[in-house]
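**Student:** Before I ask anything, let me first share the structure, which is written out below as structure tokens.
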Amino acid sequence: MRVLKITVMAALLVLAASIAFAGPTYDRVMSTKVIKAGLSNQGIPFGFINDKNEWVGFDVDMATEIAKRLGCKLEKTVVNNNTRISFVQTNPPKVDMVLSNMTHKRVRDEKIDFSITYFFDGQKFLAKKGVVKDAKDLANLKVGSMQGTTSIVNATAYLKSLGNANPSVTGYDGEVAMFEALRSGRVQAITTDSTILLGYAAKIPGQFELVGDFISDEPYGVGLPQDDSAWRDTINFTLQDIWKDGTYQKIYNKWFGPDSKYPFPLTSKIEMWP
Amino acid sequence: MQTGPGALCSGTLLLKKSTMFKRYFEKPWVQNATLLALTGLVVYYFAFLFEFKYDFDWAVFTHEGQYGHMGLLMIKGLNTTLTITLYSSIIALVMGTIFGLARLSKFKPVYWFSTCYVELFRNTPLLIQLFFWNFALPYAFPEDIRLKLFDMNFEFWCATLGCGIFTGAFMAEIIRAGIQSIPKGLLEASYSSGLTFPQTLRKIILPLAFREIIPPLGSEFLNNMKNTSLAMTIGVTELCWSMTEVYSLTYRTFEAFSVATLVYLGLSLTIAGILYIVNERLKIMAQDRITPLRRVADVIFWPLDFLGRKLEYVLWYFRKSPDQRTVSPIKRSLSLFAKQLVQALKILFVAALVYVLYLVAMALVHFNWEIIGANFKTLLIWRFPGGDESEFFYGLGGLAGSLLMAAISITGSFFIGLIVGMGRTSRNRIFRIPSLLYIELIRGVPLILVILWFYQAILEFVFKVDVQAFWAATIAMTFFFGAYIAETVRGGIENIPPGQVEAAKASGLTYFQTMRKIILPQALKQMLPALVGMFIAAFKDTSLAYIIGVMELTRAAYAINNRIMVYPFEIYTTVAVLYFVFSYFMSLYAKRLERKLSPEVVRIEM
């Protein structure tokens, strides 16, 4: 009999749990005043842990600014390259927005929605100084990239176009492992978005250099749950407001300005709606 | 509480009804029907009533997509997993045999060395060991050697050797315990009937020790297979890596997880099946009661038997004649030479040991202690109490987070284990079969996969709750260790003499009363050391929560190493020491408990 009672209780618990949480993201955020943001903690300088063990970075600052403007509390959740899409894809979404140096692509847009572009980047290669004199040298090098990103797909295609039919591209688990592979000599070059490469190269100044041209455009968008246009509009307009009053430039200069550790000139302008 | 005659009347009625029920449920067909009905209900619920909010698309594995053929990727991963498993099993067996025998040596330096190996590798998490081999070790070599190493598929061999060395430490303990389990009296009897030491070894010790060793050794092989999934973290493209690649490129979480789980389950069941046949072969059976499976096992093992029998003749031919009283000069000088050789080897071994100790001491002296000192507090408690309020418990993590996670999950899994373990020993199929399924399902899958399932699929889609990564990992570990504790509980219950159960039944106790008053108190007392052992295992396995970004000790170390970059040796050594200190002292405690609870164990000299 007791067993039965326990079973019934357990069943009730499951039921109770399944009726909680409902409704689209916009309504929930506006009623609870809490935004859950998915952020990377390995992507220097977008989201990383600094020497005071604080979670900082460009994406972190942007997320904080968005939350501040919407009058909400920000709840940060770690995402990585493998989970940054699935966390907004689930229903209900695990996080309300993802700022994790994520390129918006049509393939990705089939699963989730994206805001307007909030950062302009492109993919490059990073190698020890003097190793690569010409972009063609890259073809036969051992190259490292990250698992779960399109960088690895782009790089393989690029090396093939340079004439190596069977290029060696290894997918490491995250930015740290990838940079470690370059530093220890496991691979001779690594490739991903240029700002991340800059961020890691600045760890050991003077040893590494960016080589070659951009091999792809990587415009970043905020990842948002599919089919929630009220929420998407809110984020888009907030981004535009952040740009309009100069806060964007302030945040940008803090991380990528000429005096920062990772200088990267701002060349484009985000999409503005009158 | 209701009182009065009415309540009493309905109470007796209920009692009558419940006894009627009970009688019904003792019939196998009723049990089968109920099980079938329950399965039907579950299937019906999930197929029609439950809103999954997820579209399954199994075609990802059969069609070439934008990023290549995913099915092929999984098969490649499986291939790597099998290769690592095979190689590392062989390495583990060799290491285990050598160090297990060395642990029995009377020559103290050998004993100390092997004890160090066994304790060191058993009491630190495999993940930390892999990180150490992969991230720290290469810097111990000069640059040109390092680059040569990297040319030789370094990550793969790192994972293979790492798994092999780790499992070898466990196997060494099993082999030592197996050999030591032989009663002293048997050895004395064998010596006094005139058998020499090699003969005793061959005829008495090994056959008996084998029976003791093979079953736990087999489960180590199984564990080793599951542990190879950790190779993913250092970039080896094995099955778990392929699975991650599939879901991060196609966003097909459920499909990728399901396929990987099924493959791991298939591998586990295959290994378990082989073990079952081996165990059947080892059982002592009366000639007239040989089971059909035993016949099958006999046929499979016939070549080995045949070889063994032939070897017997060879050994007999080269036997030492007992009536040889005189020793020829050649033999004498040979034996003298052998003695001196052994002596020289011993000296060489000690010298090598001293050299290694010197190297370690030098490395320790040259450690950058400032870095360790500066980050020690971070490793212990992470950011607590300076963390953000949205973080888990104001940024608690590091060692404290790991211990907390282990404590919570073992407490939870104790109750799961108790219920499932009781269900597993129940004679009623309605309880036994679901318990069995739960135990075997969980034990056949690597913990890393269980954590991913819970964090990204089960809590989300089935229970529709959203929890922090810390809690997701804790819940996953609770269910995982629940299955292992259930097996311990089952062992404890089955060890109780059946006479006690009969006596309890005869004196009119119900099933639950018997359990509560007679069986569980005794079984739990016996289980206590095993439970402490389980806590140690859970503490080490909290390192796997690394994979979903929980800031426990391993992740904290990883973050620090990521920030400082140039002192991997210092950081990973400190973390390994932290894990070691806690696990080792807890295992000492477990041993003391065991000795206290079963005083008749005596260590025998070999």
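Each chain in the structure tokens gets a letter, A, B and so on, in the order shown; residues start at 1 in every chain, and ligands are counted from 1 in the order they appear.
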Write out as a list in words the residues lying within 9 Å of A:Asn140, counting only C-alpha atoms and excluding same-chain residues fewer than 3 positions away.

**Tutor:**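 Within the cut-off, the hits are Lys136, Asp137, Val143, Leu159, Gly163, Asn164, Pro167 and Ser168 of chain A.
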
**Student:** Please provide the set of residues having any atom within 10 Å of B:Gly423, restricted to only C-alpha atoms, with same-chain residues fewer than 4 positions apart removed, written as a ChimeraX atom specification.

**Tutor:** /B:417-419,427-436,486,490

**Student:** Keeping N, CA and C atoms, export the residues of the selection given above as a PDB file, in the first residue's frame.

**Tutor:**
```pdb
ATOM      1  N   GLY B 417      18.637   3.839  -4.069  1.00  0.00           N
ATOM      2  CA  GLY B 417      19.265   2.520  -4.002  1.00  0.00           C
ATOM      3  C   GLY B 417      18.520   1.592  -3.082  1.00  0.00           C
ATOM      4  N   LEU B 418      18.045   2.126  -1.954  1.00  0.00           N
ATOM      5  CA  LEU B 418      17.316   1.295  -0.988  1.00  0.00           C
ATOM      6  C   LEU B 418      16.053   0.743  -1.627  1.00  0.00           C
ATOM      7  N   ILE B 419      15.282   1.614  -2.263  1.00  0.00           N
ATOM      8  CA  ILE B 419      14.008   1.191  -2.860  1.00  0.00           C
ATOM      9  C   ILE B 419      14.257   0.248  -4.025  1.00  0.00           C
ATOM     10  N   ARG B 427      10.425 -10.958  -4.930  1.00  0.00           N
ATOM     11  CA  ARG B 427      10.063 -12.080  -5.783  1.00  0.00           C
ATOM     12  C   ARG B 427       8.974 -11.679  -6.780  1.00  0.00           C
ATOM     13  N   ASN B 428       8.382 -10.537  -6.525  1.00  0.00           N
ATOM     14  CA  ASN B 428       7.311 -10.079  -7.390  1.00  0.00           C
ATOM     15  C   ASN B 428       7.888  -9.372  -8.619  1.00  0.00           C
ATOM     16  N   ARG B 429       7.476  -9.846  -9.795  1.00  0.00           N
ATOM     17  CA  ARG B 429       8.069  -9.294 -11.016  1.00  0.00           C
ATOM     18  C   ARG B 429       7.750  -7.825 -11.231  1.00  0.00           C
ATOM     19  N   ILE B 430       6.611  -7.382 -10.690  1.00  0.00           N
ATOM     20  CA  ILE B 430       6.228  -5.994 -10.916  1.00  0.00           C
ATOM     21  C   ILE B 430       7.288  -5.064 -10.362  1.00  0.00           C
ATOM     22  N   PHE B 431       7.943  -5.489  -9.264  1.00  0.00           N
ATOM     23  CA  PHE B 431       9.012  -4.660  -8.705  1.00  0.00           C
ATOM     24  C   PHE B 431      10.366  -5.054  -9.263  1.00  0.00           C
ATOM     25  N   ARG B 432      10.542  -6.368  -9.468  1.00  0.00           N
ATOM     26  CA  ARG B 432      11.874  -6.832  -9.812  1.00  0.00           C
ATOM     27  C   ARG B 432      12.297  -6.377 -11.206  1.00  0.00           C
ATOM     28  N   ILE B 433      11.409  -6.539 -12.178  1.00  0.00           N
ATOM     29  CA  ILE B 433      11.825  -6.262 -13.561  1.00  0.00           C
ATOM     30  C   ILE B 433      12.103  -4.779 -13.811  1.00  0.00           C
ATOM     31  N   PRO B 434      11.224  -3.863 -13.358  1.00  0.00           N
ATOM     32  CA  PRO B 434      11.595  -2.452 -13.549  1.00  0.00           C
ATOM     33  C   PRO B 434      12.900  -2.083 -12.829  1.00  0.00           C
ATOM     34  N   SER B 435      13.106  -2.627 -11.613  1.00  0.00           N
ATOM     35  CA  SER B 435      14.353  -2.343 -10.890  1.00  0.00           C
ATOM     36  C   SER B 435      15.545  -2.840 -11.684  1.00  0.00           C
ATOM     37  N   LEU B 436      15.411  -4.059 -12.190  1.00  0.00           N
ATOM     38  CA  LEU B 436      16.501  -4.651 -12.966  1.00  0.00           C
ATOM     39  C   LEU B 436      16.825  -3.780 -14.188  1.00  0.00           C
ATOM     40  N   ALA B 486      21.976   0.419  -5.392  1.00  0.00           N
ATOM     41  CA  ALA B 486      20.954  -0.633  -5.425  1.00  0.00           C
ATOM     42  C   ALA B 486      21.618  -2.004  -5.486  1.00  0.00           C
ATOM     43  N   ARG B 490      21.313  -4.904  -2.739  1.00  0.00           N
ATOM     44  CA  ARG B 490      20.925  -6.262  -3.106  1.00  0.00           C
ATOM     45  C   ARG B 490      21.917  -7.263  -2.522  1.00  0.00           C
TER      46      ARG B 490
END
```

**Student:** Show me, as an MDAnalysis selection string, the residues of chain A whose atoms get within 8 Å of chain B, using only C-alpha atoms for the distance check.

**Tutor:** chainID A and resid 14 17:18 20:21 49:51 53 74:79 81:83 85:86 90:92 94 111 147:149 153 170:173 176:177 180 184:186 203

**Student:** Would you output that residue set with N, CA and C atoms, as a short mmCIF file (atom, residue, chain, number, x, y, z; two decimals), in the first residue's frame?

**Tutor:**
```cif
data_model
loop_
_atom_site.label_atom_id
_atom_site.label_comp_id
_atom_site.auth_asym_id
_atom_site.auth_seq_id
_atom_site.Cartn_x
_atom_site.Cartn_y
_atom_site.Cartn_z
N VAL A 14 5.31 14.86 -10.84
CA VAL A 14 5.67 15.02 -12.25
C VAL A 14 4.65 15.91 -12.95
N ALA A 17 5.01 19.48 -11.96
CA ALA A 17 6.18 20.07 -12.60
C ALA A 17 5.88 20.41 -14.05
N SER A 18 5.02 19.57 -14.69
CA SER A 18 4.83 19.79 -16.11
C SER A 18 3.84 20.91 -16.40
N ALA A 20 3.84 23.78 -14.61
CA ALA A 20 4.56 25.03 -14.40
C ALA A 20 5.22 25.44 -15.71
N PHE A 21 5.62 26.66 -15.85
CA PHE A 21 6.29 27.19 -17.04
C PHE A 21 5.45 27.08 -18.31
N ILE A 49 36.64 34.40 -17.91
CA ILE A 49 36.79 34.63 -16.48
C ILE A 49 38.13 35.32 -16.26
N ASN A 50 38.11 36.50 -15.67
CA ASN A 50 39.35 37.27 -15.52
C ASN A 50 40.11 36.86 -14.26
N ASP A 51 41.20 37.58 -13.98
CA ASP A 51 42.04 37.12 -12.87
C ASP A 51 41.42 37.38 -11.51
N ASN A 53 38.48 36.25 -11.02
CA ASN A 53 37.41 35.25 -11.13
C ASN A 53 36.07 35.87 -11.45
N LEU A 74 19.63 40.22 -14.65
CA LEU A 74 20.29 39.31 -15.59
C LEU A 74 20.73 38.04 -14.86
N GLU A 75 20.34 36.92 -15.45
CA GLU A 75 20.79 35.64 -14.89
C GLU A 75 21.70 35.00 -15.92
N LYS A 76 22.98 34.78 -15.58
CA LYS A 76 23.94 34.30 -16.57
C LYS A 76 24.05 32.78 -16.52
N THR A 77 24.02 32.16 -17.68
CA THR A 77 24.19 30.72 -17.78
C THR A 77 25.34 30.44 -18.74
N VAL A 78 26.15 29.46 -18.40
CA VAL A 78 27.28 29.13 -19.28
C VAL A 78 26.76 28.35 -20.49
N VAL A 79 27.13 28.79 -21.68
CA VAL A 79 26.89 27.95 -22.85
C VAL A 79 28.24 27.73 -23.52
N ASN A 81 30.10 26.05 -27.40
CA ASN A 81 29.80 25.97 -28.83
C ASN A 81 28.79 24.87 -29.15
N ASN A 82 28.73 23.86 -28.28
CA ASN A 82 27.81 22.76 -28.56
C ASN A 82 26.40 23.05 -28.05
N THR A 83 26.30 23.89 -27.02
CA THR A 83 24.98 24.06 -26.41
C THR A 83 24.33 25.40 -26.72
N ILE A 85 23.07 26.79 -29.23
CA ILE A 85 21.84 26.80 -30.01
C ILE A 85 20.76 25.99 -29.32
N SER A 86 21.13 24.82 -28.82
CA SER A 86 20.09 23.96 -28.24
C SER A 86 19.46 24.61 -27.01
N THR A 90 15.12 24.75 -27.13
CA THR A 90 14.20 23.92 -26.36
C THR A 90 12.94 24.71 -26.04
N ASN A 91 11.89 24.00 -25.69
CA ASN A 91 10.63 24.65 -25.41
C ASN A 91 10.11 24.18 -24.05
N PRO A 92 10.08 24.98 -23.02
CA PRO A 92 10.49 26.38 -22.97
C PRO A 92 12.01 26.51 -23.07
N LYS A 94 15.86 27.22 -22.38
CA LYS A 94 16.67 27.25 -21.16
C LYS A 94 17.19 28.65 -20.88
N LYS A 111 16.50 26.83 -36.87
CA LYS A 111 16.22 26.27 -35.55
C LYS A 111 15.84 27.34 -34.54
N GLN A 147 35.46 22.22 -31.99
CA GLN A 147 34.35 21.32 -32.27
C GLN A 147 33.03 22.08 -32.16
N GLY A 148 32.11 21.78 -33.06
CA GLY A 148 30.78 22.37 -32.97
C GLY A 148 30.68 23.77 -33.55
N THR A 149 31.72 24.25 -34.23
CA THR A 149 31.64 25.57 -34.85
C THR A 149 31.70 25.38 -36.36
N VAL A 153 34.47 23.75 -40.46
CA VAL A 153 33.99 23.44 -41.80
C VAL A 153 34.59 24.40 -42.82
N THR A 170 41.89 19.62 -36.82
CA THR A 170 41.44 18.95 -35.60
C THR A 170 40.45 19.84 -34.87
N GLY A 171 39.37 19.28 -34.38
CA GLY A 171 38.39 20.05 -33.63
C GLY A 171 38.59 19.87 -32.14
N TYR A 172 39.08 20.91 -31.46
CA TYR A 172 39.30 20.81 -30.02
C TYR A 172 38.08 21.23 -29.26
N ASP A 173 38.07 20.89 -27.96
CA ASP A 173 36.93 21.17 -27.11
C ASP A 173 37.07 22.58 -26.54
N VAL A 176 40.13 27.30 -25.26
CA VAL A 176 41.33 27.10 -24.45
C VAL A 176 42.16 25.96 -25.01
N ALA A 177 41.49 24.83 -25.25
CA ALA A 177 42.20 23.66 -25.73
C ALA A 177 42.80 23.93 -27.11
N GLU A 180 45.85 26.14 -26.62
CA GLU A 180 46.87 25.31 -25.98
C GLU A 180 47.56 24.43 -27.03
N SER A 184 51.54 24.62 -27.59
CA SER A 184 52.44 23.50 -27.32
C SER A 184 53.00 22.91 -28.60
N GLY A 185 52.48 23.32 -29.74
CA GLY A 185 53.03 22.82 -31.00
C GLY A 185 52.31 21.63 -31.58
N ARG A 186 51.16 21.24 -31.00
CA ARG A 186 50.38 20.16 -31.59
C ARG A 186 49.94 20.51 -33.00
N LYS A 203 47.50 36.79 -24.75
CA LYS A 203 47.93 36.12 -23.52
C LYS A 203 49.43 36.02 -23.46
#
```

**Student:** Give me the residues within 12 Å of B:Leu120 as a list in words, counting only C-alpha atoms and dropping any in the same chain fewer than 6 places off.

**Tutor:**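 With the cut-off at 12 Å, the set is Trp112, Phe113, Ser114, Leu126, Ile128, Gln129, Ile165, Phe166, Gly168, Ala169, Phe170, Thr573, Ala576, Val577, Leu578, Tyr579, Phe580, Val581, Phe582, Ser583 and Tyr584 of chain B.
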
**Student:** For stretch 219-231 of chain B, please output as a PyMOL selection string all residues within 9 Å (counting only C-alpha atoms; exclusion window: fewer than 3 positions along the same chain).

**Tutor:** chain B and resi 81-82+84-86+88-89+92+126-127+130+155-156+158-160+163-164+166-167+170-171+214-216+234-241+264+267-268+271-272+275+444-449+544
